[in-house]
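**Q** This is data_20.txt, which holds compact mmCIF, C-alpha atoms:
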# COMPACT_ATOMS: atom_id res chain seq x y z
CA MET A 26 32.98 16.27 -6.53
CA LYS A 27 31.58 12.99 -5.28
CA LYS A 28 30.81 10.53 -8.05
CA ASN A 29 27.18 9.39 -8.29
CA THR A 30 27.23 5.60 -7.92
CA PHE A 31 23.45 5.14 -8.00
CA LYS A 32 22.48 2.26 -10.26
CA LYS A 33 18.94 1.25 -11.14
CA THR A 34 18.88 -2.50 -10.73
CA THR A 35 15.24 -2.29 -11.83
CA GLU A 36 16.58 -1.30 -15.27
CA SER A 37 19.33 -3.94 -15.43
CA ASP A 38 19.18 -6.61 -18.11
CA SER A 39 16.97 -9.58 -17.35
CA ASN A 40 18.62 -12.79 -16.16
CA TYR A 41 16.88 -14.45 -19.11
CA ASN A 42 17.20 -13.89 -22.84
CA HIS A 43 15.45 -14.92 -26.04
CA LEU A 44 12.12 -14.89 -24.24
CA GLU A 45 10.29 -15.11 -27.55
CA LYS A 46 11.85 -18.54 -28.12
CA MET A 47 10.70 -19.98 -24.77
CA SER A 48 7.73 -22.31 -24.53
CA VAL A 49 4.73 -21.09 -22.57
CA LYS A 50 5.62 -23.54 -19.80
CA ASN A 51 9.16 -22.21 -19.50
CA LEU A 52 7.96 -18.62 -19.56
CA LEU A 53 5.65 -19.37 -16.64
CA LEU A 54 8.23 -21.40 -14.72
CA ASN A 55 10.88 -18.71 -15.08
CA MET A 56 8.55 -15.88 -14.09
CA ASN A 57 7.46 -17.89 -11.07
CA ARG A 58 11.09 -18.55 -10.16
CA GLU A 59 11.76 -14.81 -10.18
CA ASP A 60 8.61 -14.03 -8.20
CA GLN A 61 9.72 -16.36 -5.41
CA THR A 62 12.64 -14.02 -4.67
CA VAL A 63 10.34 -11.11 -3.76
CA PRO A 64 9.27 -12.19 -0.24
CA LEU A 65 12.92 -12.91 0.58
CA ALA A 66 13.87 -9.37 -0.42
CA ILE A 67 11.08 -7.99 1.76
CA ALA A 68 12.20 -10.08 4.74
CA LYS A 69 15.48 -8.15 4.75
CA VAL A 70 13.73 -4.81 5.32
CA ILE A 71 11.08 -5.77 7.88
CA PRO A 72 12.81 -3.65 10.57
CA ARG A 73 12.34 -0.59 8.35
CA ILE A 74 8.71 -1.47 7.66
CA GLU A 75 8.21 -1.86 11.41
CA LYS A 76 9.54 1.65 12.11
CA LEU A 77 7.23 3.17 9.52
CA VAL A 78 4.19 1.26 10.77
CA LYS A 79 4.81 2.41 14.34
CA ILE A 80 5.03 6.07 13.36
CA ILE A 81 1.86 5.79 11.23
CA VAL A 82 -0.04 4.29 14.18
CA GLN A 83 1.25 7.07 16.42
CA GLN A 84 0.11 9.76 14.00
CA MET A 85 -3.26 8.17 13.30
CA ARG A 86 -3.98 8.08 17.01
CA LEU A 87 -3.50 11.84 16.90
CA GLY A 88 -6.09 12.07 14.14
CA GLY A 89 -3.64 11.93 11.25
CA ARG A 90 -4.14 10.35 7.84
CA LEU A 91 -1.99 8.16 5.61
CA PHE A 92 -1.21 9.31 2.07
CA TYR A 93 0.25 7.15 -0.70
CA MET A 94 1.79 8.96 -3.69
CA GLY A 95 3.12 7.52 -6.92
CA ALA A 96 3.05 7.49 -10.70
CA GLY A 97 1.96 4.75 -13.07
CA THR A 98 1.89 1.26 -11.55
CA SER A 99 3.20 2.56 -8.22
CA GLY A 100 0.43 5.15 -7.98
CA ARG A 101 -2.24 2.62 -8.92
CA LEU A 102 -1.04 0.18 -6.27
CA GLY A 103 -1.30 2.90 -3.62
CA ILE A 104 -4.83 3.73 -4.73
CA VAL A 105 -5.84 0.06 -4.59
CA ASP A 106 -4.57 -0.31 -1.03
CA ALA A 107 -6.17 2.94 0.12
CA SER A 108 -9.51 2.11 -1.49
CA GLU A 109 -9.66 -1.28 0.25
CA CYS A 110 -9.21 0.08 3.80
CA PRO A 111 -12.79 1.37 4.32
CA PRO A 112 -14.60 -1.83 3.23
CA THR A 113 -12.09 -4.13 4.95
CA PHE A 114 -11.62 -2.29 8.23
CA GLY A 115 -14.63 0.01 8.42
CA VAL A 116 -12.54 3.18 8.59
CA PRO A 117 -13.80 6.43 7.06
CA HIS A 118 -13.02 7.26 3.46
CA GLY A 119 -10.23 9.80 3.62
CA MET A 120 -8.30 8.11 6.42
CA VAL A 121 -6.02 6.44 3.85
CA ILE A 122 -5.69 8.34 0.57
CA GLY A 123 -3.99 7.33 -2.67
CA LEU A 124 -2.75 10.00 -5.07
CA ILE A 125 -1.44 9.38 -8.59
CA ALA A 126 0.47 11.68 -10.93
CA GLY A 127 -1.95 12.90 -13.57
CA GLY A 128 -5.02 12.60 -11.35
CA ASP A 129 -7.79 10.02 -11.39
CA LYS A 130 -7.77 9.68 -15.18
CA ALA A 131 -4.25 8.24 -14.86
CA ILE A 132 -5.65 5.25 -12.97
CA ARG A 133 -6.82 3.73 -16.26
CA LYS A 134 -4.64 5.45 -18.85
CA ALA A 135 -1.12 6.86 -18.67
CA VAL A 136 -0.92 10.65 -18.64
CA GLU A 137 2.17 11.77 -20.56
CA PHE A 138 4.92 13.41 -18.50
CA ALA A 139 2.68 13.74 -15.40
CA GLU A 140 5.29 12.02 -13.25
CA ASP A 141 7.93 14.57 -14.31
CA ASP A 142 6.17 17.50 -12.62
CA ARG A 143 8.11 18.14 -9.42
CA GLN A 144 5.59 20.67 -8.06
CA GLN A 145 2.30 18.86 -8.64
CA GLY A 146 2.67 16.31 -5.84
CA TRP A 147 2.69 18.98 -3.15
CA LYS A 148 -0.21 20.78 -4.85
CA ASP A 149 -2.21 17.53 -4.77
CA LEU A 150 -1.50 17.13 -1.05
CA GLN A 151 -2.54 20.71 -0.35
CA GLU A 152 -5.96 19.98 -1.88
CA HIS A 153 -6.44 17.54 1.00
CA LYS A 154 -5.31 20.10 3.59
CA ILE A 155 -2.23 18.09 4.52
CA SER A 156 -1.09 18.63 8.13
CA LYS A 157 1.72 17.68 10.53
CA ASN A 158 -0.40 14.84 11.91
CA ASP A 159 -0.38 13.10 8.53
CA VAL A 160 2.13 10.65 7.04
CA VAL A 161 3.06 10.64 3.34
CA ILE A 162 4.55 7.54 1.68
CA GLY A 163 6.09 7.96 -1.76
CA ILE A 164 5.92 4.84 -3.93
CA ALA A 165 8.44 4.69 -6.76
CA ALA A 166 10.03 1.51 -8.09
CA SER A 167 12.88 3.46 -9.70
CA GLY A 168 13.30 5.85 -6.78
CA THR A 169 13.66 8.79 -9.17
CA THR A 170 10.08 9.95 -9.84
CA PRO A 171 10.03 13.81 -9.70
CA TYR A 172 6.32 13.91 -8.73
CA VAL A 173 7.12 11.88 -5.61
CA ILE A 174 10.46 13.50 -4.79
CA GLY A 175 9.04 17.01 -4.95
CA ALA A 176 6.16 16.10 -2.65
CA LEU A 177 8.43 14.43 -0.08
CA GLU A 178 10.83 17.37 -0.08
CA ALA A 179 7.96 19.79 0.53
CA CYS A 180 6.61 17.60 3.33
CA ASN A 181 10.03 17.49 5.01
CA LYS A 182 10.21 21.29 4.97
CA LYS A 183 6.76 21.47 6.60
CA GLY A 184 7.60 18.92 9.31
CA ILE A 185 5.33 16.22 7.85
CA ILE A 186 6.52 12.63 8.32
CA THR A 187 7.64 10.95 5.10
CA GLY A 188 8.29 7.37 4.06
CA CYS A 189 8.85 5.58 0.78
CA ILE A 190 8.75 2.20 -0.93
CA THR A 191 11.30 1.79 -3.70
CA CYS A 192 13.14 -1.09 -5.37
CA ASN A 193 16.59 0.44 -5.94
CA LYS A 194 19.28 1.01 -3.33
CA GLY A 195 20.43 4.56 -2.61
CA SER A 196 17.85 6.36 -4.75
CA HIS A 197 16.86 10.02 -4.48
CA VAL A 198 13.45 9.04 -3.11
CA ALA A 199 15.01 6.90 -0.37
CA LYS A 200 17.46 9.65 0.55
CA THR A 201 14.59 12.15 0.79
CA ALA A 202 12.15 10.07 2.86
CA LYS A 203 12.65 9.99 6.62
CA TYR A 204 11.52 6.36 6.78
CA PRO A 205 12.73 4.69 3.56
CA ILE A 206 11.92 1.11 2.60
CA GLU A 207 14.18 -0.24 -0.16
CA VAL A 208 13.12 -3.67 -1.46
CA VAL A 209 15.82 -4.59 -3.97
CA VAL A 210 14.31 -7.33 -6.12
CA GLY A 211 16.87 -7.16 -8.94
CA PRO A 212 16.33 -7.23 -12.71
CA GLU A 213 12.86 -7.89 -14.06
CA PHE A 214 12.02 -10.94 -16.19
CA VAL A 215 11.23 -8.52 -19.03
CA THR A 216 13.96 -5.90 -18.69
CA GLY A 217 12.66 -2.73 -17.03
CA SER A 218 9.07 -3.97 -16.64
CA THR A 219 8.62 -2.89 -13.01
CA ARG A 220 4.95 -3.91 -13.03
CA MET A 221 6.35 -7.39 -12.38
CA LYS A 222 8.65 -8.10 -9.38
CA ALA A 223 8.89 -4.48 -8.25
CA GLY A 224 5.11 -4.11 -8.45
CA THR A 225 4.64 -7.34 -6.51
CA ALA A 226 7.06 -6.14 -3.84
CA GLN A 227 5.27 -2.81 -3.49
CA LYS A 228 1.88 -4.52 -3.25
CA LEU A 229 3.10 -6.89 -0.53
CA VAL A 230 4.65 -4.07 1.49
CA LEU A 231 1.50 -1.97 1.18
CA ASN A 232 -0.54 -4.95 2.41
CA MET A 233 1.80 -5.29 5.39
CA ILE A 234 1.70 -1.59 6.26
CA SER A 235 -2.06 -1.00 6.08
CA THR A 236 -3.01 -4.31 7.70
CA SER A 237 -0.53 -3.91 10.57
CA VAL A 238 -1.66 -0.34 11.15
CA MET A 239 -5.33 -1.28 11.23
CA ILE A 240 -4.71 -4.19 13.61
CA GLN A 241 -2.77 -1.87 15.91
CA LEU A 242 -5.68 0.58 15.80
CA GLY A 243 -8.06 -2.15 16.97
CA ARG A 244 -9.80 -2.78 13.67
CA VAL A 245 -9.36 -6.57 13.90
CA GLN A 246 -10.49 -8.85 16.75
CA GLY A 247 -8.87 -12.26 17.01
CA ASN A 248 -8.28 -12.71 13.31
CA LYS A 249 -11.59 -11.31 12.06
CA MET A 250 -12.52 -8.15 10.13
CA VAL A 251 -15.18 -7.19 12.67
CA ASP A 252 -15.66 -3.68 11.23
CA MET A 253 -15.91 -4.63 7.54
CA GLN A 254 -18.59 -2.89 5.51
CA LEU A 255 -21.55 -5.05 4.49
CA SER A 256 -21.43 -4.03 0.85
CA ASN A 257 -22.48 -7.32 -0.76
CA ASN A 258 -24.11 -10.67 0.02
CA LYS A 259 -20.78 -12.47 0.35
CA LEU A 260 -19.70 -10.12 3.14
CA ILE A 261 -23.09 -10.39 4.88
CA GLU A 262 -22.72 -14.18 4.82
CA ARG A 263 -19.17 -13.92 6.15
CA GLY A 264 -20.27 -11.57 8.92
CA THR A 265 -23.13 -13.89 9.84
CA ARG A 266 -20.73 -16.83 10.20
CA MET A 267 -18.41 -14.73 12.35
CA ILE A 268 -21.25 -13.85 14.72
CA MET A 269 -22.39 -17.48 14.87
CA LYS A 270 -18.88 -18.61 15.80
CA SER A 271 -18.47 -15.88 18.41
CA THR A 272 -21.84 -16.33 20.09
CA GLY A 273 -23.06 -19.83 19.28
CA ILE A 274 -26.44 -18.55 18.07
CA THR A 275 -28.29 -19.77 14.98
CA GLU A 276 -27.66 -18.46 11.50
CA LYS A 277 -31.06 -16.78 11.39
CA LYS A 278 -30.51 -14.91 14.65
CA ALA A 279 -26.93 -13.99 13.70
CA ASN A 280 -28.03 -12.61 10.36
CA ALA A 281 -30.80 -10.57 11.95
CA LEU A 282 -28.38 -9.13 14.52
CA LEU A 283 -25.89 -8.25 11.81
CA LEU A 284 -28.43 -6.47 9.64
CA LYS A 285 -29.82 -4.60 12.64
CA HIS A 286 -26.48 -3.32 13.97
CA GLY A 287 -24.52 -3.00 10.72
CA SER A 288 -21.25 -4.62 11.79
CA VAL A 289 -19.96 -7.80 13.39
CA ARG A 290 -18.43 -5.87 16.28
CA LYS A 291 -21.67 -4.06 17.16
CA ALA A 292 -23.80 -7.17 16.70
CA VAL A 293 -21.64 -9.29 19.02
CA ALA A 294 -21.48 -6.51 21.61
CA ALA A 295 -25.26 -6.12 21.51
CA TYR A 296 -25.77 -9.86 21.98
CA LYS A 297 -23.38 -10.04 24.92
CA THR A 298 -25.07 -7.14 26.70
CA SER A 299 -28.63 -8.30 26.04
Please, can you express the file's structure as structure tokens?
**A**
Amino acid sequence: MKKNTFKKTTESDSNYNHLEKMSVKNLLLNMNREDQTVPLAIAKVIPRIEKLVKIIVQQMRLGGRLFYMGAGTSGRLGIVDASECPPTFGVPHGMVIGLIAGGDKAIRKAVEFAEDDRQQGWKDLQEHKISKNDVVIGIAASGTTPYVIGALEACNKKGIITGCITCNKGSHVAKTAKYPIEVVVGPEFVTGSTRMKAGTAQKLVLNMISTSVMIQLGRVQGNKMVDMQLSNNKLIERGTRMIMKSTGITEKKANALLLKHGSVRKAVAAYKTS
């Protein structure tokens, strides 16, 4: 029988000890020193991120959706990224969906043993009428979350494309996902506290995935969020400036165009065809 050599580096002892004896300055300096290693770890797996982004774009062009699944911090990070896609890129709610073990109440408060239910992840996906056009990304710092593993296994059996973001090498989640991303950030400053470097790594990768996908789908022009939702005064002011820069018209006219057409893209197009 083959020996299991899987080791959770996310659970390894911190490189620092006697944290309670450190000054506030040294605590901050040492945490910052550890955080600086995260982008370097991500740089090593950009080819894997690229493969996943390309397949997501392909599926979304077929009408597919993107699902994020996780428990605890990982689940919350997926929900944050999903919830920011509609206001940022003007895509419909439901195009990117975040699911967390334990349901919405787990966003604010941990639900005991929810992540240990191997069947619930697939049940949650079925509530959204998951299909072969969709892509499911499991997010699990440890790479061992049953909620995520069970969902990915079920997706594989149904021919649904699967990916993952994890922070240990050779985990069950990574072996299950068809497009695994393993960002090995090493031991946490506080041993086992994966809300720190692992959480930062997951957040950065999620930013990269959703932003790259939306740019590929034409949701950014130049470097501007031309389809952003005008949900507050700050965004209306930003949109007005974008129209002014694109057209050369006055602030008053740009603002009126924006409010009339509801987006920077439509306002600029209307001006250019008038």
**Q** Residues at most 7 Å from range 202-211 of chain A, counting all atoms listed in the file, excluding those fewer than 3 positions away in the same chain, as a count of residues only?
**A** 24
**Q** In Å, with one decimal, what is the gap from CA of Phe92 in chain A to CA of Val121 in chain A?
**A**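 So the answer is 5.9 Å.
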**Q** Got a sec: who's within 12 Å of range 107-115 of chain A, counting all atoms listed in the file, leaving out chain neighbours fewer than 5 positions off, as a PyMOL selection string?
**A** chain A and resi 90-94+100-102+120-125+162+228+231-232+234-246+249-257+260+264+287-291
**Q** For Ile185 in chain A, find every residue with an atom within 7 Å (counting only C-alpha atoms), except residues of its own chain fewer than 6 positions away, and show them as a list in words.
**A**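 Close residues of Ile185 in chain A: Ser156, Lys157, Asp159 and Val160 of chain A.
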**Q** How far is it from CA of Asp141 in chain A to CA of Gly89 in chain A, in Å with one decimal?
**A** 28.2 Å
**Q** Any chance you could tabulate, as JSON lines, the residues of range 172-279 of chain A at most 8 Å from range 40-61 of chain A with each one's nearest atom pair and distance in Å to one decimal, using all atoms listed in the file, in chain and rising number order?
**A**
{"residue": "A:Pro212", "atom": "CA", "partner": "A:Asn40", "partner_atom": "CA", "distance": 6.9}
{"residue": "A:Glu213", "atom": "CA", "partner": "A:Asn40", "partner_atom": "CA", "distance": 7.8}
{"residue": "A:Phe214", "atom": "CA", "partner": "A:Met56", "partner_atom": "CA", "distance": 6.4}
{"residue": "A:Lys222", "atom": "CA", "partner": "A:Asp60", "partner_atom": "CA", "distance": 6.0}
{"residue": "A:Thr225", "atom": "CA", "partner": "A:Asp60", "partner_atom": "CA", "distance": 8.0}
**Q** Rank nothing, just name the residue among A:Gly217, A:Gly224, A:Gly247, A:Gly103 nearest to Asp38 in chain A, using all atoms listed in the file.
**A**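 Under the stated criterion, the closest residue is A:Gly217.
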**Q** Any chance you could work out the axis-aligned box around range 62-67 of chain A, listed atoms only, 3 Å on each side, giving centre and edge lengths in Å to one decimal, as lines of an AutoDock Vina configuration file?
**A**
center_x = 11.6
center_y = -11.0
center_z = -1.5
size_x = 10.6
size_y = 12.0
size_z = 12.4
**Q** Closest to Lys148 in chain A among A:Pro72, A:Gly128, A:Pro64, A:Pro117, using all atoms listed in the file?
**A**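 When distances to Lys148 in chain A are compared using all atoms listed in the file, the smallest one comes from A:Gly128.
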**Q** So how many Å separate CA of Gly175 in chain A and CA of Arg133 in chain A, to one decimal?
**A**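 Answer for the CA of Gly175 in chain A to CA of Arg133 in chain A separation: 23.6 Å.
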**Q** Between A:Ile164, A:Glu152, A:Lys76, A:Ser218, which has the minimum distance to Ile104 in chain A (counting all atoms listed in the file)?
**A**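 Residue with the minimum atom-to-atom distance to Ile104 in chain A: A:Ile164.
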**Q** Find the residues around range 274-276 of chain A up to 12 Å (only C-alpha atoms counted), leave out those fewer than 5 positions away in its own chain, and share them as an MDAnalysis selection string.
**A** chainID A and resid 261:269 281:283 292:293 296:297
**Q** Which residue, A:Ala166, A:Asn158, A:Ala139, A:Thr216, has the smallest gap to Leu87 in chain A when you use all atoms listed in the file?
**A**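 Checking each of A:Ala166, A:Asn158, A:Ala139, A:Thr216 against Leu87 in chain A, counting all atoms listed in the file, the winner is A:Asn158.
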**Q** Return the single residue from A:Lys200, A:Lys270, A:Lys259, A:His286 that is closest to Phe31 in chain A, with distances computed using all atoms listed in the file.
**A** A:Lys200
**Q** Place N, CA and C atoms on range 167-195 of chain A and deliver the coordinates as a CSV table (one decimal), in the coordinates of the input.
**A**
chain,number,residue,atom,x,y,z
A,167,SER,N,11.6,3.0,-9.3
A,167,SER,CA,12.9,3.5,-9.7
A,167,SER,C,13.6,4.3,-8.6
A,168,GLY,N,12.7,5.0,-7.8
A,168,GLY,CA,13.3,5.8,-6.8
A,168,GLY,C,13.7,7.2,-7.3
A,169,THR,N,13.3,7.5,-8.5
A,169,THR,CA,13.7,8.8,-9.2
A,169,THR,C,12.5,9.6,-9.7
A,170,THR,N,11.3,9.3,-9.3
A,170,THR,CA,10.1,10.0,-9.8
A,170,THR,C,10.0,11.4,-9.3
A,171,PRO,N,10.1,12.4,-10.2
A,171,PRO,CA,10.0,13.8,-9.7
A,171,PRO,C,8.7,14.2,-9.0
A,172,TYR,N,7.6,13.7,-9.4
A,172,TYR,CA,6.3,13.9,-8.7
A,172,TYR,C,6.4,13.5,-7.3
A,173,VAL,N,7.0,12.4,-7.0
A,173,VAL,CA,7.1,11.9,-5.6
A,173,VAL,C,8.2,12.6,-4.8
A,174,ILE,N,9.3,12.8,-5.5
A,174,ILE,CA,10.5,13.5,-4.8
A,174,ILE,C,10.1,14.9,-4.4
A,175,GLY,N,9.5,15.6,-5.3
A,175,GLY,CA,9.0,17.0,-5.0
A,175,GLY,C,8.1,17.1,-3.8
A,176,ALA,N,7.1,16.1,-3.7
A,176,ALA,CA,6.2,16.1,-2.6
A,176,ALA,C,6.8,15.8,-1.3
A,177,LEU,N,7.7,14.8,-1.3
A,177,LEU,CA,8.4,14.4,-0.1
A,177,LEU,C,9.3,15.6,0.4
A,178,GLU,N,10.0,16.2,-0.5
A,178,GLU,CA,10.8,17.4,-0.1
A,178,GLU,C,10.0,18.5,0.6
A,179,ALA,N,8.8,18.8,0.0
A,179,ALA,CA,8.0,19.8,0.5
A,179,ALA,C,7.4,19.4,1.9
A,180,CYS,N,7.1,18.1,2.0
A,180,CYS,CA,6.6,17.6,3.3
A,180,CYS,C,7.7,17.7,4.4
A,181,ASN,N,8.9,17.4,4.1
A,181,ASN,CA,10.0,17.5,5.0
A,181,ASN,C,10.2,18.9,5.5
A,182,LYS,N,10.1,19.9,4.6
A,182,LYS,CA,10.2,21.3,5.0
A,182,LYS,C,9.1,21.7,5.9
A,183,LYS,N,7.9,21.1,5.8
A,183,LYS,CA,6.8,21.5,6.6
A,183,LYS,C,6.7,20.6,7.9
A,184,GLY,N,7.6,19.8,8.1
A,184,GLY,CA,7.6,18.9,9.3
A,184,GLY,C,6.6,17.8,9.3
A,185,ILE,N,6.3,17.3,8.0
A,185,ILE,CA,5.3,16.2,7.8
A,185,ILE,C,6.1,14.9,7.7
A,186,ILE,N,5.8,13.9,8.4
A,186,ILE,CA,6.5,12.6,8.3
A,186,ILE,C,6.4,12.0,6.9
A,187,THR,N,7.6,11.5,6.4
A,187,THR,CA,7.6,11.0,5.1
A,187,THR,C,8.3,9.6,5.1
A,188,GLY,N,7.7,8.7,4.3
A,188,GLY,CA,8.3,7.4,4.1
A,188,GLY,C,8.3,7.1,2.6
A,189,CYS,N,8.9,6.0,2.2
A,189,CYS,CA,8.8,5.6,0.8
A,189,CYS,C,9.0,4.1,0.6
A,190,ILE,N,8.5,3.6,-0.5
A,190,ILE,CA,8.8,2.2,-0.9
A,190,ILE,C,9.4,2.3,-2.3
A,191,THR,N,10.6,1.8,-2.4
A,191,THR,CA,11.3,1.8,-3.7
A,191,THR,C,12.1,0.5,-3.9
A,192,CYS,N,12.5,0.2,-5.1
A,192,CYS,CA,13.1,-1.1,-5.4
A,192,CYS,C,14.6,-0.9,-5.9
A,193,ASN,N,15.2,0.2,-5.7
A,193,ASN,CA,16.6,0.4,-5.9
A,193,ASN,C,17.3,0.9,-4.7
A,194,LYS,N,18.5,0.6,-4.5
A,194,LYS,CA,19.3,1.0,-3.3
A,194,LYS,C,19.9,2.4,-3.6
A,195,GLY,N,19.8,3.3,-2.6
A,195,GLY,CA,20.4,4.6,-2.6
A,195,GLY,C,19.8,5.6,-3.6
